[in-house]
>>> print(open('structure-v3.pdb').read())   # PDB, C-alpha atoms
ATOM      1  CA  MET J 121     275.856 -25.125 221.612
ATOM      2  CA  ALA J 122     273.418 -27.085 219.442
ATOM      3  CA  PHE J 123     273.389 -30.782 220.229
ATOM      4  CA  ASP J 124     274.154 -33.130 217.339
ATOM      5  CA  LYS J 125     274.130 -36.699 218.646
ATOM      6  CA  TYR J 126     276.169 -38.109 215.760
ATOM      7  CA  GLU J 127     278.844 -35.439 216.073
ATOM      8  CA  PHE J 128     279.157 -35.992 219.811
ATOM      9  CA  TYR J 129     279.203 -39.753 219.332
ATOM     10  CA  GLN J 130     282.119 -39.527 216.926
ATOM     11  CA  ARG J 131     284.024 -37.125 219.148
ATOM     12  CA  ALA J 132     283.551 -39.307 222.241
ATOM     13  CA  VAL J 133     283.624 -42.827 220.850
ATOM     14  CA  GLN J 134     285.220 -43.005 217.426
ATOM     15  CA  SER J 135     288.617 -42.300 215.887
ATOM     16  CA  PRO J 136     287.929 -43.206 212.257
ATOM     17  CA  ASP J 137     291.292 -41.916 211.016
ATOM     18  CA  VAL J 138     293.114 -44.083 213.576
ATOM     19  CA  ASP J 139     290.885 -47.063 212.780
ATOM     20  CA  ALA J 140     291.539 -46.771 209.043
ATOM     21  CA  ALA J 141     295.301 -46.682 209.609
ATOM     22  CA  PHE J 142     295.033 -49.635 212.009
ATOM     23  CA  LEU J 143     293.117 -51.755 209.488
ATOM     24  CA  GLN J 144     295.696 -50.967 206.826
ATOM     25  CA  ARG J 145     298.539 -51.956 209.184
ATOM     26  CA  VAL J 146     296.848 -55.200 210.234
ATOM     27  CA  PHE J 147     296.326 -56.259 206.633
ATOM     28  CA  GLN J 148     299.942 -55.466 205.777
ATOM     29  CA  GLU J 149     301.225 -57.381 208.805
ATOM     30  CA  ILE J 150     299.163 -60.493 208.157
ATOM     31  CA  ARG J 151     299.053 -60.563 204.360
ATOM     32  CA  GLY J 152     302.206 -58.680 203.368
ATOM     33  CA  ARG J 153     300.412 -56.339 200.991
ATOM     34  CA  ASP J 154     298.047 -53.391 201.067
ATOM     35  CA  GLY J 155     294.347 -54.069 201.351
ATOM     36  CA  LYS J 156     292.279 -52.114 198.861
ATOM     37  CA  ILE J 157     288.594 -52.812 199.502
ATOM     38  CA  LEU J 158     287.055 -52.221 202.933
ATOM     39  CA  ARG J 159     283.527 -53.162 203.917
ATOM     40  CA  GLU J 160     282.317 -51.439 207.056
ATOM     41  CA  ASP J 161     279.407 -53.422 208.506
ATOM     42  CA  PHE J 162     276.931 -51.718 210.857
ATOM     43  CA  CYS J 163     278.518 -48.551 209.483
ATOM     44  CA  ALA J 164     275.980 -45.942 210.733
ATOM     45  CA  ALA J 165     277.418 -42.615 209.438
ATOM     46  CA  PHE J 166     280.330 -44.491 207.765
ATOM     47  CA  ALA J 167     283.074 -42.117 208.892
ATOM     48  CA  LEU J 168     285.525 -45.026 208.715
ATOM     49  CA  CYS J 169     284.713 -45.576 205.041
ATOM     50  CA  CYS J 170     285.459 -41.944 204.294
ATOM     51  CA  HIS J 171     288.809 -42.037 206.071
ATOM     52  CA  TRP J 172     289.697 -45.280 204.305
ATOM     53  CA  ALA J 173     289.102 -43.595 200.944
ATOM     54  CA  LYS J 174     291.510 -40.821 201.980
ATOM     55  CA  LEU J 175     294.392 -43.296 202.391
ATOM     56  CA  GLY J 176     294.968 -43.567 198.651
ATOM     57  CA  SER J 177     293.424 -43.393 195.218
ATOM     58  CA  ASP J 178     293.211 -47.210 195.079
ATOM     59  CA  LYS J 179     291.099 -47.479 198.245
ATOM     60  CA  ILE J 180     287.426 -48.447 197.896
ATOM     61  CA  ALA J 181     284.939 -48.553 200.777
ATOM     62  CA  TYR J 182     281.454 -50.005 201.178
ATOM     63  CA  GLY J 183     279.250 -49.069 204.136
ATOM     64  CA  ILE J 184     276.416 -51.366 205.195
ATOM     65  CA  ASP J 185     273.616 -50.355 207.575
ATOM     66  CA  LEU J 186     269.891 -50.860 208.088
ATOM     67  CA  ASP J 187     269.132 -47.360 209.362
ATOM     68  CA  PRO J 188     268.686 -44.634 206.719
ATOM     69  CA  GLU J 189     269.111 -41.741 209.188
ATOM     70  CA  PRO J 190     272.824 -42.164 210.021
ATOM     71  CA  LEU J 191     273.581 -43.083 206.398
ATOM     72  CA  GLN J 192     272.124 -39.759 205.279
ATOM     73  CA  TYR J 193     274.009 -37.986 208.052
ATOM     74  CA  GLY J 194     277.236 -39.501 206.759
ATOM     75  CA  ARG J 195     276.511 -38.355 203.219
ATOM     76  CA  ASP J 196     275.843 -34.817 204.426
ATOM     77  CA  HIS J 197     278.661 -34.458 206.957
ATOM     78  CA  TYR J 198     281.513 -36.836 206.009
ATOM     79  CA  LEU J 199     281.206 -37.934 202.393
ATOM     80  CA  SER J 200     280.582 -34.355 201.262
ATOM     81  CA  LEU J 201     283.963 -33.297 202.695
ATOM     82  CA  LEU J 202     285.910 -35.683 200.467
ATOM     83  CA  GLU J 203     287.302 -34.613 197.138
ATOM     84  CA  ALA J 204     284.996 -35.473 194.245
ATOM     85  CA  GLU J 205     287.146 -38.372 193.041
ATOM     86  CA  ALA J 206     287.343 -39.905 196.524
ATOM     87  CA  GLN J 207     283.564 -39.679 196.890
ATOM     88  CA  THR J 208     283.161 -42.024 193.917
ATOM     89  CA  ARG J 209     285.098 -44.699 195.818
ATOM     90  CA  VAL J 210     282.681 -44.773 198.770
ATOM     91  CA  LYS J 211     279.374 -46.600 198.366
ATOM     92  CA  THR J 212     276.651 -47.206 200.945
ATOM     93  CA  PHE J 213     274.029 -49.939 201.062
ATOM     94  CA  LEU J 214     270.797 -49.736 203.038
ATOM     95  CA  THR J 215     270.546 -53.435 203.803
ATOM     96  CA  ASP J 216     271.169 -56.193 206.337
ATOM     97  CA  VAL J 217     274.750 -57.354 206.902
ATOM     98  CA  LEU J 218     273.381 -60.897 206.497
ATOM     99  CA  ASN J 219     272.489 -60.101 202.889
ATOM    100  CA  PRO J 220     274.306 -62.722 200.754
ATOM    101  CA  GLU J 221     274.613 -60.328 197.813
ATOM    102  CA  LEU J 222     276.999 -57.835 199.399
ATOM    103  CA  PRO J 223     280.146 -56.862 197.470
ATOM    104  CA  LYS J 224     283.498 -58.619 197.868
ATOM    105  CA  ALA J 225     286.131 -57.040 200.100
ATOM    106  CA  ASP J 226     289.687 -57.479 201.334
ATOM    107  CA  ILE J 227     288.681 -56.403 204.836
ATOM    108  CA  ILE J 228     285.323 -56.612 206.578
ATOM    109  CA  ALA J 229     285.272 -54.525 209.754
ATOM    110  CA  ALA J 230     282.483 -54.762 212.334
ATOM    111  CA  LEU J 231     283.571 -52.255 214.964
ATOM    112  CA  ASN J 232     282.057 -50.477 217.963
ATOM    113  CA  PHE J 233     280.945 -53.936 219.154
ATOM    114  CA  SER J 234     277.953 -53.733 216.833
ATOM    115  CA  TYR J 235     277.810 -57.483 216.166
ATOM    116  CA  PHE J 236     277.034 -57.937 219.902
ATOM    117  CA  GLY J 237     273.480 -57.328 218.721
ATOM    118  CA  PHE J 238     273.516 -60.922 217.443
ATOM    119  CA  LYS J 239     272.595 -62.546 220.728
ATOM    120  CA  ASP J 240     272.462 -66.216 219.763
ATOM    121  CA  ARG J 241     275.137 -68.469 218.311
ATOM    122  CA  PRO J 242     273.247 -69.565 215.160
ATOM    123  CA  THR J 243     272.729 -65.947 214.056
ATOM    124  CA  LEU J 244     276.328 -64.945 214.751
ATOM    125  CA  LYS J 245     277.440 -68.048 212.846
ATOM    126  CA  ARG J 246     275.292 -66.995 209.878
ATOM    127  CA  TYR J 247     277.007 -63.624 209.953
ATOM    128  CA  PHE J 248     280.520 -65.102 210.061
ATOM    129  CA  GLU J 249     279.640 -67.498 207.238
ATOM    130  CA  ALA J 250     278.306 -64.605 205.136
ATOM    131  CA  CYS J 251     281.502 -62.640 205.822
ATOM    132  CA  TYR J 252     283.674 -65.610 204.876
ATOM    133  CA  LYS J 253     281.892 -66.012 201.547
ATOM    134  CA  SER J 254     282.162 -62.343 200.624
ATOM    135  CA  LEU J 255     285.825 -61.922 201.570
ATOM    136  CA  ASP J 256     288.433 -62.162 198.848
ATOM    137  CA  ALA J 257     290.739 -65.187 198.872
ATOM    138  CA  ASP J 258     293.116 -63.729 201.485
ATOM    139  CA  GLY J 259     290.616 -61.432 203.175
ATOM    140  CA  LEU J 260     290.309 -60.557 206.863
ATOM    141  CA  LEU J 261     287.337 -60.157 209.182
ATOM    142  CA  VAL J 262     288.184 -57.630 211.925
ATOM    143  CA  LEU J 263     286.075 -57.250 215.067
ATOM    144  CA  ASP J 264     286.612 -55.326 218.267
ATOM    145  CA  CYS J 265     285.612 -56.888 221.571
ATOM    146  CA  PHE J 266     285.525 -55.828 225.196
ATOM    147  CA  GLY J 267     285.352 -57.781 228.416
ATOM    148  CA  GLY J 268     286.731 -58.298 231.901
ATOM    149  CA  PRO J 269     285.216 -58.489 235.403
ATOM    150  CA  ALA J 270     284.182 -54.826 235.317
ATOM    151  CA  CYS J 271     281.717 -55.690 232.538
ATOM    152  CA  MET J 272     279.856 -58.101 234.798
ATOM    153  CA  GLU J 273     278.184 -55.501 237.001
ATOM    154  CA  PRO J 274     276.273 -52.239 236.530
ATOM    155  CA  ASN J 275     278.551 -49.212 236.399
ATOM    156  CA  GLU J 276     278.866 -45.776 234.838
ATOM    157  CA  HIS J 277     282.067 -44.180 233.566
ATOM    158  CA  GLU J 278     282.399 -40.461 232.833
ATOM    159  CA  THR J 279     284.926 -38.956 230.424
ATOM    160  CA  GLU J 280     285.329 -35.183 230.526
ATOM    161  CA  TYR J 281     286.133 -33.182 227.399
ATOM    162  CA  ASP J 282     286.673 -29.447 227.071
ATOM    163  CA  ASP J 283     283.079 -28.694 226.173
ATOM    164  CA  PHE J 284     281.061 -31.737 227.237
ATOM    165  CA  SER J 285     281.059 -34.913 229.331
ATOM    166  CA  TYR J 286     280.464 -38.383 227.937
ATOM    167  CA  PHE J 287     278.981 -41.184 230.039
ATOM    168  CA  TRP J 288     279.181 -44.907 229.268
ATOM    169  CA  ASP J 289     276.511 -46.552 231.404
ATOM    170  CA  GLN J 290     276.215 -50.302 231.895
ATOM    171  CA  ASP J 291     272.716 -50.728 233.266
ATOM    172  CA  SER J 292     272.526 -54.512 233.698
ATOM    173  CA  TYR J 293     274.265 -57.853 233.262
ATOM    174  CA  ASP J 294     272.796 -61.376 233.271
ATOM    175  CA  PRO J 295     275.441 -64.032 234.086
ATOM    176  CA  ILE J 296     273.278 -66.823 232.666
ATOM    177  CA  THR J 297     272.831 -65.363 229.187
ATOM    178  CA  ASN J 298     275.756 -62.882 229.118
ATOM    179  CA  GLU J 299     273.219 -60.277 228.021
ATOM    180  CA  ALA J 300     273.722 -56.683 229.124
ATOM    181  CA  ARG J 301     272.164 -53.283 228.529
ATOM    182  CA  PHE J 302     274.150 -50.123 227.959
ATOM    183  CA  ALA J 303     273.465 -46.450 227.327
ATOM    184  CA  ILE J 304     275.386 -43.361 226.282
ATOM    185  CA  HIS J 305     274.633 -40.043 227.974
ATOM    186  CA  PHE J 306     276.064 -36.589 227.370
ATOM    187  CA  LYS J 307     276.173 -33.419 229.434
ATOM    188  CA  LEU J 308     276.927 -29.968 228.067
ATOM    189  CA  PRO J 309     278.020 -27.137 230.390
ATOM    190  CA  GLY J 310     275.114 -25.476 232.137
ATOM    191  CA  GLN J 311     272.586 -27.945 230.715
ATOM    192  CA  LYS J 312     270.763 -30.979 232.053
ATOM    193  CA  LYS J 313     272.284 -34.377 231.389
ATOM    194  CA  LEU J 314     271.019 -35.839 228.104
ATOM    195  CA  THR J 315     270.253 -39.439 228.978
ATOM    196  CA  ASN J 316     269.898 -42.523 226.780
ATOM    197  CA  VAL J 317     271.019 -40.750 223.634
ATOM    198  CA  PHE J 318     272.094 -44.156 222.373
ATOM    199  CA  THR J 319     271.055 -47.471 223.939
ATOM    200  CA  TYR J 320     272.275 -51.022 223.381
ATOM    201  CA  ASP J 321     270.868 -54.449 224.219
ATOM    202  CA  TRP J 322     273.783 -56.827 223.667
ATOM    203  CA  ARG J 323     275.211 -60.226 224.390
ATOM    204  CA  LEU J 324     278.823 -60.024 225.544
ATOM    205  CA  TRP J 325     280.752 -62.513 223.421
ATOM    206  CA  SER J 326     284.126 -63.707 224.676
ATOM    207  CA  LEU J 327     287.270 -63.818 222.558
ATOM    208  CA  ALA J 328     287.359 -67.609 222.913
ATOM    209  CA  GLU J 329     283.773 -67.960 221.671
ATOM    210  CA  LEU J 330     284.504 -65.706 218.708
ATOM    211  CA  ARG J 331     287.697 -67.611 217.838
ATOM    212  CA  ASP J 332     285.986 -71.011 217.965
ATOM    213  CA  LEU J 333     283.105 -69.820 215.815
ATOM    214  CA  MET J 334     285.404 -68.206 213.241
ATOM    215  CA  LEU J 335     287.365 -71.426 212.880
ATOM    216  CA  GLU J 336     284.130 -73.405 212.643
ATOM    217  CA  CYS J 337     283.022 -71.154 209.785
ATOM    218  CA  GLY J 338     286.190 -71.879 207.788
ATOM    219  CA  PHE J 339     288.666 -69.167 208.752
ATOM    220  CA  SER J 340     292.166 -70.628 208.589
ATOM    221  CA  LYS J 341     293.671 -68.672 211.495
ATOM    222  CA  VAL J 342     292.616 -66.202 214.160
ATOM    223  CA  HIS J 343     294.837 -63.360 215.373
ATOM    224  CA  TYR J 344     294.504 -61.142 218.441
ATOM    225  CA  TYR J 345     295.557 -57.516 218.859
ATOM    226  CA  TRP J 346     295.865 -56.432 222.505
ATOM    227  CA  GLU J 347     296.078 -52.883 223.829
ATOM    228  CA  GLY J 348     299.275 -51.740 225.536
ATOM    229  CA  THR J 349     299.386 -49.736 228.765
ATOM    230  CA  ASP J 350     300.865 -46.389 229.725
ATOM    231  CA  ASP J 351     302.941 -45.527 232.797
ATOM    232  CA  GLU J 352     299.797 -45.362 234.915
ATOM    233  CA  GLY J 353     298.572 -48.775 233.815
ATOM    234  CA  GLU J 354     295.824 -47.373 231.607
ATOM    235  CA  GLY J 355     295.220 -48.368 227.992
ATOM    236  CA  ASP J 356     297.432 -46.403 225.605
ATOM    237  CA  GLY J 357     295.461 -46.958 222.390
ATOM    238  CA  GLU J 358     298.312 -48.923 220.785
ATOM    239  CA  TYR J 359     297.467 -52.465 219.702
ATOM    240  CA  ALA J 360     299.975 -55.242 219.009
ATOM    241  CA  LYS J 361     299.523 -58.831 217.856
ATOM    242  CA  VAL J 362     299.731 -61.245 220.804
ATOM    243  CA  GLU J 363     299.312 -64.933 221.571
ATOM    244  CA  SER J 364     297.837 -64.407 225.056
ATOM    245  CA  GLY J 365     296.083 -61.616 226.949
ATOM    246  CA  GLU J 366     296.550 -60.060 230.376
ATOM    247  CA  ILE J 367     294.459 -60.129 233.530
ATOM    248  CA  CYS J 368     292.717 -56.776 233.888
ATOM    249  CA  GLU J 369     289.435 -55.355 235.131
ATOM    250  CA  SER J 370     288.386 -54.399 231.614
ATOM    251  CA  PHE J 371     289.925 -54.622 228.172
ATOM    252  CA  VAL J 372     289.306 -53.779 224.546
ATOM    253  CA  ALA J 373     290.914 -56.031 221.949
ATOM    254  CA  TYR J 374     290.656 -56.856 218.264
ATOM    255  CA  ILE J 375     290.114 -60.339 216.901
ATOM    256  CA  VAL J 376     290.973 -60.978 213.250
ATOM    257  CA  GLY J 377     289.784 -63.960 211.245
ATOM    258  CA  ALA J 378     292.020 -64.758 208.284
ATOM    259  CA  LYS J 379     290.373 -66.558 205.371
TER     260      LYS J 379
END
>>> encode(input="structure-v3.pdb", output="structure tokens")
Amino acid sequence: MAFDKYEFYQRAVQSPDVDAAFLQRVFQEIRGRDGKILREDFCAAFALCCHWAKLGSDKIAYGIDLDPEPLQYGRDHYLSLLEAEAQTRVKTFLTDVLNPELPKADIIAALNFSYFGFKDRPTLKRYFEACYKSLDADGLLVLDCFGGPACMEPNEHETEYDDFSYFWDQDSYDPITNEARFAIHFKLPGQKKLTNVFTYDWRLWSLAELRDLMLECGFSKVHYYWEGTDDEGEGDGEYAKVESGEICESFVAYIVGAK
């Protein structure tokens, strides 16, 4: 089997069809109408944009990223699969998400924890302010976030699929700065482990820090979506709006800033 790092990343990490449906549901729940324009920040191969465009002929998506390689991969492997009309409703921009000239949107989504790359408060504030200005009057900023005690120590978690294994490796954690380093590894049957296919140098932002900064930047209200659990106490992939979280070793949640 030929190794395609972007294909394996999507298979192991992303569910762009589920994410697109989730963003549509969140906007309907909070605003009482359908959102039309999505901006996917740090979009890489912009699979989410392509699935958003498939939700309806009125859906428009903008993908923003600084790296030309995954953008081209997305054009070749995801955008090209859309019907011709849907392709016209997906646009990509090779630029910084801090660019003040980005197009307006109903929803700005920064998923896969990509904004963790902003490791100081002034820079993250600049980003939230830029998002606020480019959201439509009732727009939403949607971020995912992870945390919990398990994220405060080095560890490696393996997930086995039919034809490969995926490893999420936390290499370090600094309790003074909340900075941590992570890596993604893959292993195909009968082959050596492919290490450090993707690496991340992040600051782990807490939900409380994100909420306070969103409100400081002008957002009128902040909502949380917390993952439910299955019969074995594991995350079930279903997220519901909550007022408080639960004590757990690790969690993934969404935080939504409403303009």
>>> atom_distance(input="structure-v3.pdb", atom1="atom CA of J:Leu330", atom2="atom CA of J:Gly183")
22.7 Å
>>> closest_residue(input="structure-v3.pdb", among="J:Leu158, J:Ala225, J:Leu324, J:Val372", to="J:Glu299", atoms="all atoms listed in the file")
J:Leu324
>>> closest_residue(input="structure-v3.pdb", among="J:Pro223, J:Phe371, J:Gln130, J:Arg246", to="J:Thr349", atoms="all atoms listed in the file")
J:Phe371
>>> residues_near_point(input="structure-v3.pdb", point="(273.8, -47.2, 235.7)", cutoff="12 Å", atoms="all atoms listed in the file", output="JSON, numbers by chain")
{"J": [273, 274, 275, 276, 277, 278, 287, 288, 289, 290, 291, 292, 293, 300, 301, 302, 303, 304, 305, 315, 316]}
>>> resolve_selection(input="structure-v3.pdb", expression="the PyMOL selection byres ((chain J and resi 188) around 10)", output="PyMOL selection string")
chain J and resi 164-165+185-187+189-194+213-215
>>> atom_distance(input="structure-v3.pdb", atom1="atom CA of J:Pro269", atom2="atom CA of J:Glu336")
27.2 Å
>>> atom_distance(input="structure-v3.pdb", atom1="atom CA of J:Tyr359", atom2="atom CA of J:Leu231")
14.7 Å
>>> closest_residue(input="structure-v3.pdb", among="J:Thr208, J:Ser177, J:Thr243, J:Ser340", to="J:Lys156", atoms="only C-alpha atoms")
J:Ser177
>>> resolve_selection(input="structure-v3.pdb", expression="the PyMOL selection byres ((chain J and resi 227) around 9)", output="mmCIF file with C-alpha atoms, keeping the file's coordinate frame")
data_model
loop_
_atom_site.group_PDB
_atom_site.id
_atom_site.type_symbol
_atom_site.label_atom_id
_atom_site.label_comp_id
_atom_site.auth_asym_id
_atom_site.auth_seq_id
_atom_site.Cartn_x
_atom_site.Cartn_y
_atom_site.Cartn_z
ATOM 1 C CA LEU J 143 293.117 -51.755 209.488
ATOM 2 C CA PHE J 147 296.326 -56.259 206.633
ATOM 3 C CA GLY J 155 294.347 -54.069 201.351
ATOM 4 C CA LYS J 156 292.279 -52.114 198.861
ATOM 5 C CA ILE J 157 288.594 -52.812 199.502
ATOM 6 C CA LEU J 158 287.055 -52.221 202.933
ATOM 7 C CA ARG J 159 283.527 -53.162 203.917
ATOM 8 C CA GLU J 160 282.317 -51.439 207.056
ATOM 9 C CA LYS J 224 283.498 -58.619 197.868
ATOM 10 C CA ALA J 225 286.131 -57.040 200.100
ATOM 11 C CA ASP J 226 289.687 -57.479 201.334
ATOM 12 C CA ILE J 228 285.323 -56.612 206.578
ATOM 13 C CA ALA J 229 285.272 -54.525 209.754
ATOM 14 C CA LEU J 255 285.825 -61.922 201.570
ATOM 15 C CA ASP J 256 288.433 -62.162 198.848
ATOM 16 C CA GLY J 259 290.616 -61.432 203.175
ATOM 17 C CA LEU J 260 290.309 -60.557 206.863
ATOM 18 C CA LEU J 261 287.337 -60.157 209.182
ATOM 19 C CA VAL J 262 288.184 -57.630 211.925
#
>>> axis_aligned_box(input="structure-v3.pdb", around="stretch 135-152 of chain J", padding_each_side="6 Å", output="JSON")
{"center_x": 295.1, "center_y": -51.2, "center_z": 209.6, "size_x": 26.3, "size_y": 30.6, "size_z": 24.5}
>>> closest_residue(input="structure-v3.pdb", among="J:Cys169, J:Val138, J:Leu199, J:Cys163", to="J:Ile184", atoms="all atoms listed in the file")
J:Cys163
>>> build_atoms(input="structure-v3.pdb", residues="stretch 253-277 of chain J", atoms="N, CA and C atoms", output="PDB file, in the coordinates of the input")
ATOM      1  N   LYS J 253     282.199 -65.853 202.965  1.00  0.00           N
ATOM      2  CA  LYS J 253     281.892 -66.012 201.547  1.00  0.00           C
ATOM      3  C   LYS J 253     282.163 -64.744 200.752  1.00  0.00           C
ATOM      4  N   SER J 254     282.000 -63.583 201.377  1.00  0.00           N
ATOM      5  CA  SER J 254     282.162 -62.343 200.624  1.00  0.00           C
ATOM      6  C   SER J 254     283.549 -61.728 200.775  1.00  0.00           C
ATOM      7  N   LEU J 255     284.435 -62.372 201.522  1.00  0.00           N
ATOM      8  CA  LEU J 255     285.825 -61.922 201.570  1.00  0.00           C
ATOM      9  C   LEU J 255     286.589 -62.449 200.367  1.00  0.00           C
ATOM     10  N   ASP J 256     287.544 -61.672 199.888  1.00  0.00           N
ATOM     11  CA  ASP J 256     288.433 -62.162 198.848  1.00  0.00           C
ATOM     12  C   ASP J 256     289.290 -63.301 199.400  1.00  0.00           C
ATOM     13  N   ALA J 257     290.056 -63.942 198.528  1.00  0.00           N
ATOM     14  CA  ALA J 257     290.739 -65.187 198.872  1.00  0.00           C
ATOM     15  C   ALA J 257     291.641 -65.069 200.096  1.00  0.00           C
ATOM     16  N   ASP J 258     292.269 -63.903 200.308  1.00  0.00           N
ATOM     17  CA  ASP J 258     293.116 -63.729 201.485  1.00  0.00           C
ATOM     18  C   ASP J 258     292.576 -62.629 202.391  1.00  0.00           C
ATOM     19  N   GLY J 259     291.248 -62.506 202.426  1.00  0.00           N
ATOM     20  CA  GLY J 259     290.616 -61.432 203.175  1.00  0.00           C
ATOM     21  C   GLY J 259     290.629 -61.638 204.679  1.00  0.00           C
ATOM     22  N   LEU J 260     290.323 -60.551 205.401  1.00  0.00           N
ATOM     23  CA  LEU J 260     290.309 -60.557 206.863  1.00  0.00           C
ATOM     24  C   LEU J 260     288.989 -60.019 207.389  1.00  0.00           C
ATOM     25  N   LEU J 261     288.480 -60.657 208.427  1.00  0.00           N
ATOM     26  CA  LEU J 261     287.337 -60.157 209.182  1.00  0.00           C
ATOM     27  C   LEU J 261     287.875 -59.588 210.493  1.00  0.00           C
ATOM     28  N   VAL J 262     287.633 -58.313 210.756  1.00  0.00           N
ATOM     29  CA  VAL J 262     288.184 -57.630 211.925  1.00  0.00           C
ATOM     30  C   VAL J 262     287.039 -57.171 212.823  1.00  0.00           C
ATOM     31  N   LEU J 263     287.065 -57.630 214.074  1.00  0.00           N
ATOM     32  CA  LEU J 263     286.075 -57.250 215.067  1.00  0.00           C
ATOM     33  C   LEU J 263     286.780 -56.648 216.275  1.00  0.00           C
ATOM     34  N   ASP J 264     286.133 -55.709 216.948  1.00  0.00           N
ATOM     35  CA  ASP J 264     286.612 -55.326 218.267  1.00  0.00           C
ATOM     36  C   ASP J 264     285.743 -56.014 219.317  1.00  0.00           C
ATOM     37  N   CYS J 265     286.293 -56.153 220.516  1.00  0.00           N
ATOM     38  CA  CYS J 265     285.612 -56.888 221.571  1.00  0.00           C
ATOM     39  C   CYS J 265     286.041 -56.301 222.907  1.00  0.00           C
ATOM     40  N   PHE J 266     285.129 -56.241 223.856  1.00  0.00           N
ATOM     41  CA  PHE J 266     285.525 -55.828 225.196  1.00  0.00           C
ATOM     42  C   PHE J 266     285.067 -56.867 226.213  1.00  0.00           C
ATOM     43  N   GLY J 267     285.701 -56.833 227.371  1.00  0.00           N
ATOM     44  CA  GLY J 267     285.352 -57.781 228.416  1.00  0.00           C
ATOM     45  C   GLY J 267     286.104 -57.484 229.692  1.00  0.00           C
ATOM     46  N   GLY J 268     286.100 -58.454 230.609  1.00  0.00           N
ATOM     47  CA  GLY J 268     286.731 -58.298 231.901  1.00  0.00           C
ATOM     48  C   GLY J 268     285.704 -58.241 233.019  1.00  0.00           C
ATOM     49  N   PRO J 269     286.147 -58.465 234.263  1.00  0.00           N
ATOM     50  CA  PRO J 269     285.216 -58.489 235.403  1.00  0.00           C
ATOM     51  C   PRO J 269     284.384 -57.225 235.561  1.00  0.00           C
ATOM     52  N   ALA J 270     284.930 -56.077 235.165  1.00  0.00           N
ATOM     53  CA  ALA J 270     284.182 -54.826 235.317  1.00  0.00           C
ATOM     54  C   ALA J 270     282.936 -54.795 234.451  1.00  0.00           C
ATOM     55  N   CYS J 271     282.875 -55.654 233.440  1.00  0.00           N
ATOM     56  CA  CYS J 271     281.717 -55.690 232.538  1.00  0.00           C
ATOM     57  C   CYS J 271     280.624 -56.609 233.054  1.00  0.00           C
ATOM     58  N   MET J 272     280.823 -57.159 234.248  1.00  0.00           N
ATOM     59  CA  MET J 272     279.856 -58.101 234.798  1.00  0.00           C
ATOM     60  C   MET J 272     279.065 -57.505 235.956  1.00  0.00           C
ATOM     61  N   GLU J 273     278.957 -56.171 235.976  1.00  0.00           N
ATOM     62  CA  GLU J 273     278.184 -55.501 237.001  1.00  0.00           C
ATOM     63  C   GLU J 273     277.781 -54.128 236.476  1.00  0.00           C
ATOM     64  N   PRO J 274     276.666 -53.585 236.943  1.00  0.00           N
ATOM     65  CA  PRO J 274     276.273 -52.239 236.530  1.00  0.00           C
ATOM     66  C   PRO J 274     277.325 -51.216 236.953  1.00  0.00           C
ATOM     67  N   ASN J 275     277.590 -50.265 236.086  1.00  0.00           N
ATOM     68  CA  ASN J 275     278.551 -49.212 236.399  1.00  0.00           C
ATOM     69  C   ASN J 275     278.373 -48.077 235.399  1.00  0.00           C
ATOM     70  N   GLU J 276     278.907 -46.925 235.742  1.00  0.00           N
ATOM     71  CA  GLU J 276     278.866 -45.776 234.838  1.00  0.00           C
ATOM     72  C   GLU J 276     280.221 -45.082 234.868  1.00  0.00           C
ATOM     73  N   HIS J 277     280.747 -44.801 233.684  1.00  0.00           N
ATOM     74  CA  HIS J 277     282.067 -44.180 233.566  1.00  0.00           C
ATOM     75  C   HIS J 277     281.921 -42.856 232.834  1.00  0.00           C
TER      76      HIS J 277
END
